[in-house]
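Chemist: If you scroll down you'll find the structure; I have some questions about it.
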Amino acid sequence: MNKLVFIMLLFVANLTIAQVKLEGVVKDSIGTPLELANVIAINQDTQKLDSYGITNSDGRYTLSIEKNTNYKIQVSYIGTKTAQADVKVSDLDITKDFTLEYDNTLDEVELVYEMPVTIKGDTIVYNADSFTSGTERKLGDILNKLPGVEVNDDGEIEVEGKTVGKVMVEGKDFFDGDSKLATQNIPANAVDKVEVLKNYAEVGQLRGVTNNQDNIAINIKLKEGKKNFWFGNVTIGAGVSEENTLYLVQPKLFYYSPEYSINAIGDLNNIGEIAFTRRDYFNFTGGFRSPSRRSGTNIDLGSNNLGFLTLQNDRAKGINTKFGAVNFSYAPKKILDLSGFAIFLSNRTDLQEISDVQFLNDSSRDENKASNTKQYSDLAMMKFSAKYKPNSNNQLDYDVLARISKESQNQHVLSSQVGEINELESATPYSFNQNLNYYYTLNDTNIFALEVQHLLQDEDPFYTAILENNPLNNDNALDDPNNPRDAYDDTAANLGLNREQLTYYINQDKRVKSNQIDAKFDYWNILNKKSDINFTLGTIYSRQDFDSNIFQFLDDNSKFEPKPTINDGIGTNTIGYTFNDLYLGLHYRLKSGIFTFTPGVSGHMYSAKNKQFNVHYKDNFFRLLPDFNMRMQLKKNEQIIFDYSMQTRFTDVNQLARGLILNNYGAVFSGNQELESALSHNLNLSYFSFNMFNYTNVTAILNYSKTVNRIRTSSELPEGSVIRVSSSINSTLADESASANGRFQKTIGKFRGTLNTRLNYTKFNQVVNGQTLVNKNYSQTYGTQLRTNFRNAPNFEIGYQYTIQDNDQGERRTKFFTKAPSVAFDVLIFKSFTFKTDYSYTNFSDNNRTINSYDFWDASLSYKKRKGSKWEYEIKATNLLDTKSQNSSNIGDISVSATAYFIQPRFLTFRLRYEL
């Protein structure tokens, strides 16, 4: 690995030495510097564009060009004649100034090449062909080569350090703007232009009265041959591994016209290539945003999803996936837009893990666990949207999103503390979400908006735990250290189980129904060009009904209803929880020079009440919540943002239910009917800068949050046991979290270098066995990356990441270190063969030893007879080094674990791709 990195760096050094710098100033005829003028250098020998640049506010440009080469330099600016000059380059840097004459007629000089980057107001337009080398296959490959644009590990697109909120194709939402589906599926050869839309406003009428500086959208412009025609590709493949016969089918079809569009994506495979994960499904909002998200109230309806083990880097011991998605848009009239999508995801996943768990303050609890898990997941969602805009003053939107799923997880665990356990979980939840928005502009100074959202949700998780038991040990629960099953015996007694059975067959049936309405009415009065005032009247109403009970199947298959010996004998739950927030908000926005100030305050009338076991509890109170936003626009692409907000945080019904709940075999939980809300102070300071002159991208973000009266758990753990009984409490001690993220990125010629760091600190309080403990967690991540973007030469990417995870849990402290270098390489050979390979190495250790080290190496070779050919043939090798497992660390409330996670063995696939 070190030799390979050295060779790559030597290659970079040689290429850098072979270049010189051409710089100068571009002015108009009266000597005024021209900002955002375009400068390109055309190699006279190859007739290809070798370099380009954009002038800064002083009219200065700089280009990196080859030594001993003849160039034609062209300079263009809107409203002026294009200037050009022949420049003969030796081995010395050159200074060349240009003066442009204003002319309303067409340019006399023909532009041989289209500018790679042009700027039109708040829109940056990238010409895709200027950045591609022929090895790109999907949109994400192109985006990663654009200055200031990146696709992160989660598939999200970032522009100048900010996350893109919407992706469109030809101005039409692509699956409601989802970036991952776009980057992974839109064919690279269909992309003509990438338009980055800054200060993007979903509702044009609100553009002038809302802060849109952080809103960024991307619009993909298609090549001419892709409009009004079906385009896309179909990939089929097969392969072999040590264990399975492998298959792959991936159709991706698209149609765009001015009136309507259709996108269809499919994926069936058993090789672990996941087009859409469970995490993507649950994070997919369908464009829904809570109307009250800026009101200061945070209410969590909770999640009763199954405790699914999550995939690590989309890898597992075995993955069989089926995915289908269809998206459409139709505009029968100019004033009406209809759109929608349907997504179906089916996964069958095999997971295997081995974990070492260290518990705070008591090493006798430390546990070794081995688990084998099978997951079955069928998920579906559908959405329909209508947008009616009869004129520029009126807009009506309606959306409806429905979800339904069927999931189960079977997990076999072998624990050094408890013994052998089988856990079975299943659920068939559904939800129905509606959104109605109306925007009305009365005149130039008065704007009105009404937003209403309704959510109906039904969740029904079912849990079963099966453990072996020795009835002879029931009277001396933890007296026999040689019998690990004794660790569960006290819990069995606490739950009131029949302990004369050879097997504990414990079941829990649970049902949670949620019904929530979130509505607000806004009025903006524009006082003058620099200030406006906003009044908001809103409400949140939420109703949750919760039922659960624990029961036991005996050895003779009869059903037994246990009566707990703890928790006042309450083992079942029947609770109704109602929450209401009626609020009035006031915000004033003022622009003064480079500053924009937006102070605000909202007054809330809160009412939270629940009823269970004939006991009523109410919590009614009034609270003022201030917020403040300040923006300092230093330059067009450089700003500092400060944001402060105070929030009231309310819990969900799960935390309030007094009856016992089995979260898993090792955790019994009971809620607290009298829990109060928490109050948090949140501060954010951000700096964003992107210099188009020297392509330097700087991002720095500081976050701090302090929460008082936060809901925490009070746990009881018998000595030597990993089975805990917990309940909810309001912590009188404040919890804190702080983070600092920074990134510096610079492009020099064909090279892009990146330095980044993430620092995180959290402090939280909890009670264990009656003792208040303070947990402090520190994490540090440092990374560097060097990437090239040559048109006619091999490209590579070298990266290195170093992470420190430091966990201070009072009397016990653990520290893990992760070192992860990586390298990727791609090249187009003879204009027909595309070779790609990537390698990564990870060393995972603690203070004393290397726990594990592992590496991954993938490679592919594809053949396409010529550019524009319909057929492509590919052979792809995955996990060439046949790595068996990878490692990770996890921080819990009362423990820290290091886990070995097993993955698919080495395999080879052959693929055939047909381009429409």
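Here's how to read the names in the structure tokens: chain A, B, ... by the order shown, residue numbers from 1 in each chain, ligand numbers from 1 in the order shown.
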Can you tell me, as a PyMOL selection string, what residues are no more than 8 Å from segment 276-285 of chain A when counting only C-alpha atoms, ignoring any on the same chain fewer than 4 positions away?
Modeler: chain A and resi 178+181+289+323+345+379
Chemist: Quick one: residues within 9 Å of Phe613 of chain A, only C-alpha atoms counted, chain neighbours fewer than 4 positions away excluded, as a list in words?
Modeler: Asn573, Thr574 and Ile575 of chain A
Chemist: Where does DSSP see strand (DSSP E) in segment 443-562 of chain A, if you list the residues as a PyMOL selection string?
Modeler: chain A and resi 443+446-459+462-468+503-528+531-553+559-560
Chemist: Separation of atom CA of Asn304 of chain A and atom CA of Asn372 of chain A, in Å?
Modeler: 22.5 Å
Chemist: Hey, what's within 10 Å of segment 71-75 of chain A if we count only C-alpha atoms and toss same-chain stuff fewer than 4 positions away? As number ranges by chain, please?
Modeler: A: 26, 37-54, 65-66, 80-89, 96, 98-100, 109-113
Chemist: Could I get the residues of segment 711-827 of chain A with an atom no further than 12 Å from an atom of segment 847-867 of chain A, each paired with its nearest atom pair and that distance in Å to one decimal, using only C-alpha atoms, sorted by chain and residue number, as JSON lines?
Modeler:
```
{"residue": "A:Ile804", "atom": "CA", "partner": "A:Asn847", "partner_atom": "CA", "distance": 10.7}
{"residue": "A:Gln805", "atom": "CA", "partner": "A:Asn847", "partner_atom": "CA", "distance": 11.1}
{"residue": "A:Asp806", "atom": "CA", "partner": "A:Asn847", "partner_atom": "CA", "distance": 10.5}
{"residue": "A:Arg813", "atom": "CA", "partner": "A:Asn847", "partner_atom": "CA", "distance": 10.7}
{"residue": "A:Thr814", "atom": "CA", "partner": "A:Asn847", "partner_atom": "CA", "distance": 8.2}
{"residue": "A:Lys815", "atom": "CA", "partner": "A:Asn847", "partner_atom": "CA", "distance": 6.5}
{"residue": "A:Phe816", "atom": "CA", "partner": "A:Asn847", "partner_atom": "CA", "distance": 7.1}
{"residue": "A:Phe817", "atom": "CA", "partner": "A:Asn847", "partner_atom": "CA", "distance": 8.0}
{"residue": "A:Thr818", "atom": "CA", "partner": "A:Ser853", "partner_atom": "CA", "distance": 9.4}
{"residue": "A:Lys819", "atom": "CA", "partner": "A:Ser853", "partner_atom": "CA", "distance": 9.3}
{"residue": "A:Ala820", "atom": "CA", "partner": "A:Asp855", "partner_atom": "CA", "distance": 9.2}
{"residue": "A:Pro821", "atom": "CA", "partner": "A:Asp855", "partner_atom": "CA", "distance": 9.7}
{"residue": "A:Ser822", "atom": "CA", "partner": "A:Asp855", "partner_atom": "CA", "distance": 9.3}
{"residue": "A:Val823", "atom": "CA", "partner": "A:Trp857", "partner_atom": "CA", "distance": 9.7}
{"residue": "A:Ala824", "atom": "CA", "partner": "A:Asp858", "partner_atom": "CA", "distance": 9.5}
{"residue": "A:Phe825", "atom": "CA", "partner": "A:Ala859", "partner_atom": "CA", "distance": 9.3}
{"residue": "A:Asp826", "atom": "CA", "partner": "A:Ser860", "partner_atom": "CA", "distance": 9.5}
{"residue": "A:Val827", "atom": "CA", "partner": "A:Leu861", "partner_atom": "CA", "distance": 9.9}
```
Chemist: Grab the residues selected above and save them as a compact mmCIF listing (two decimals), in the first residue's frame with C-alpha atoms.
Modeler:
```txt
# COMPACT_ATOMS: atom_id res chain seq x y z
CA ILE A 804 -10.12 8.16 17.59
CA GLN A 805 -13.13 7.06 19.64
CA ASP A 806 -12.65 7.85 23.33
CA ARG A 813 -12.49 4.34 29.97
CA THR A 814 -12.03 2.78 26.53
CA LYS A 815 -10.34 4.12 23.45
CA PHE A 816 -10.42 2.76 19.89
CA PHE A 817 -8.32 3.81 16.90
CA THR A 818 -9.11 3.32 13.22
CA LYS A 819 -6.59 3.91 10.42
CA ALA A 820 -7.97 3.63 6.90
CA PRO A 821 -5.91 4.41 3.77
CA SER A 822 -7.52 3.87 0.36
CA VAL A 823 -6.77 4.22 -3.34
CA ALA A 824 -8.96 4.09 -6.46
CA PHE A 825 -7.90 4.08 -10.10
CA ASP A 826 -9.68 4.23 -13.46
CA VAL A 827 -8.48 4.50 -17.04
```
Chemist: Compare A:Ile421, A:Leu916, A:Leu143, A:Val615 by their minimum atom-to-atom distance to Pro251 of chain A, counting only C-alpha atoms, and give me the closest one.
Modeler: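 Looking at the shortest contact to Pro251 of chain A, the residue is A:Leu916.
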Chemist: Which is closer to Met646 of chain A than all the others in A:Gly171, A:Gly340, A:Pro905, A:Gly296, using only C-alpha atoms?
Modeler: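 Looking at the shortest contact to Met646 of chain A, the residue is A:Gly296.
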Chemist: Determine which residues of segment 199-425 of chain A DSSP labels as helix (DSSP H, G or I) from the backbone of this structure, then write them out as a PyMOL selection string.
Modeler: chain A and resi 204-206+224-226+278-283+363-365
Chemist: May I have the selected residues written with C-alpha atoms, as a tab-separated table (two decimals), in the first residue's frame?
Modeler:
```tsv
chain	number	residue	atom	x	y	z
A	204	GLY	CA	-41.58	31.51	-5.83
A	205	GLN	CA	-43.93	33.85	-3.96
A	206	LEU	CA	-41.90	33.40	-0.76
A	224	GLU	CA	-30.65	16.56	-27.37
A	225	GLY	CA	-30.84	12.91	-28.40
A	226	LYS	CA	-32.34	11.98	-25.03
A	278	ARG	CA	-34.11	0.19	4.68
A	279	ARG	CA	-32.41	3.32	5.96
A	280	ASP	CA	-33.12	5.06	2.65
A	281	TYR	CA	-36.75	3.97	2.89
A	282	PHE	CA	-37.33	5.34	6.39
A	283	ASN	CA	-35.38	8.53	5.64
A	363	SER	CA	-16.11	-5.97	34.59
A	364	SER	CA	-17.96	-9.06	35.87
A	365	ARG	CA	-20.76	-8.12	33.45
```
Chemist: Looking at A:Asp93, A:Asp28, A:Asp337, A:Asp350, which one is nearest to Arg315 of chain A, with distances taken over only C-alpha atoms?
Modeler: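 For Arg315 of chain A, the nearest of the candidates is A:Asp350.
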Chemist: Which residues, written as a PyMOL selection string, have at least one atom at most 6 Å from Thr572 of chain A, with only C-alpha atoms counted and residues fewer than 3 positions away on the same chain left out?
Modeler: chain A and resi 548-549+659
Chemist: By how many Å are atom CA of Arg499 of chain A and atom CA of Asp556 of chain A apart?
Modeler: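 For atom CA of Arg499 of chain A relative to atom CA of Asp556 of chain A, the distance reads 13.6 Å.
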Chemist: Out of A:Arg712, A:Lys529, A:Lys870, A:His604, which residue has the shortest atom-to-atom distance to Ser592 of chain A when counting only C-alpha atoms?
Modeler: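 For Ser592 of chain A, the nearest of the given residues is A:Lys529.
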Chemist: Hey, which of A:Val601, A:Ala217, A:Leu456, A:Ile319 ends up closest to Asp545 of chain A? Count only C-alpha atoms.
Modeler: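 Closest to Asp545 of chain A of all the choices is A:Leu456.
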Chemist: Write out as a PyMOL selection string the residues lying within 6 Å of segment 436-450 of chain A, counting only C-alpha atoms and excluding same-chain residues fewer than 3 positions away.
Modeler: chain A and resi 393-398+521-526
Chemist: Which residue gives the smallest distance to Thr598 of chain A among A:Met632, A:Ala734, A:Ile218, A:Ile661, with only C-alpha atoms counted?
Modeler: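 Counting only C-alpha atoms, the residue closest to Thr598 of chain A is A:Met632.
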Chemist: Leaving out segment 782-788 of chain A and any residue of its chain fewer than 3 positions from it, which residues lie within 9 Å of it when counting only C-alpha atoms, given as a list in words?
Modeler: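 Surrounding residues, per the criterion: Val12, Lys145, Gly749, Lys750, Phe751, Arg752, Gly753, Thr754, Leu755, Asn756, Thr757, Arg758, Leu759, Pro794, Asn795, Phe796, Glu797, Ile798, Gly799, Tyr800, Gln801, Tyr802 and Thr803 of chain A.
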Chemist: Those selected residues, please, written with C-alpha atoms and delivered as a PDB file, in the first residue's frame.
Modeler:
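Written file, result26.pdb:
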```pdb
ATOM      1  CA  VAL A  12       1.556  13.814  -9.356  1.00  0.00           C
ATOM      2  CA  LYS A 145     -15.569  15.684 -10.884  1.00  0.00           C
ATOM      3  CA  GLY A 749      -5.234  22.223 -12.673  1.00  0.00           C
ATOM      4  CA  LYS A 750      -6.291  18.583 -12.867  1.00  0.00           C
ATOM      5  CA  PHE A 751      -5.684  17.899  -9.172  1.00  0.00           C
ATOM      6  CA  ARG A 752      -8.096  18.319  -6.273  1.00  0.00           C
ATOM      7  CA  GLY A 753      -6.876  18.043  -2.697  1.00  0.00           C
ATOM      8  CA  THR A 754      -9.126  17.829   0.359  1.00  0.00           C
ATOM      9  CA  LEU A 755      -8.462  18.052   4.084  1.00  0.00           C
ATOM     10  CA  ASN A 756     -11.303  17.467   6.536  1.00  0.00           C
ATOM     11  CA  THR A 757     -11.846  16.978  10.232  1.00  0.00           C
ATOM     12  CA  ARG A 758     -14.792  16.126  12.517  1.00  0.00           C
ATOM     13  CA  LEU A 759     -14.627  16.597  16.278  1.00  0.00           C
ATOM     14  CA  PRO A 794      -5.468   7.605 -15.981  1.00  0.00           C
ATOM     15  CA  ASN A 795      -7.225   9.069 -12.965  1.00  0.00           C
ATOM     16  CA  PHE A 796      -6.750   8.079  -9.361  1.00  0.00           C
ATOM     17  CA  GLU A 797      -7.939   8.968  -5.877  1.00  0.00           C
ATOM     18  CA  ILE A 798      -5.801   8.539  -2.761  1.00  0.00           C
ATOM     19  CA  GLY A 799      -7.332   8.931   0.680  1.00  0.00           C
ATOM     20  CA  TYR A 800      -6.468   8.444   4.324  1.00  0.00           C
ATOM     21  CA  GLN A 801      -8.728   8.618   7.392  1.00  0.00           C
ATOM     22  CA  TYR A 802      -7.756   8.421  11.052  1.00  0.00           C
ATOM     23  CA  THR A 803     -10.390   8.124  13.794  1.00  0.00           C
TER      24      THR A 803
END
```
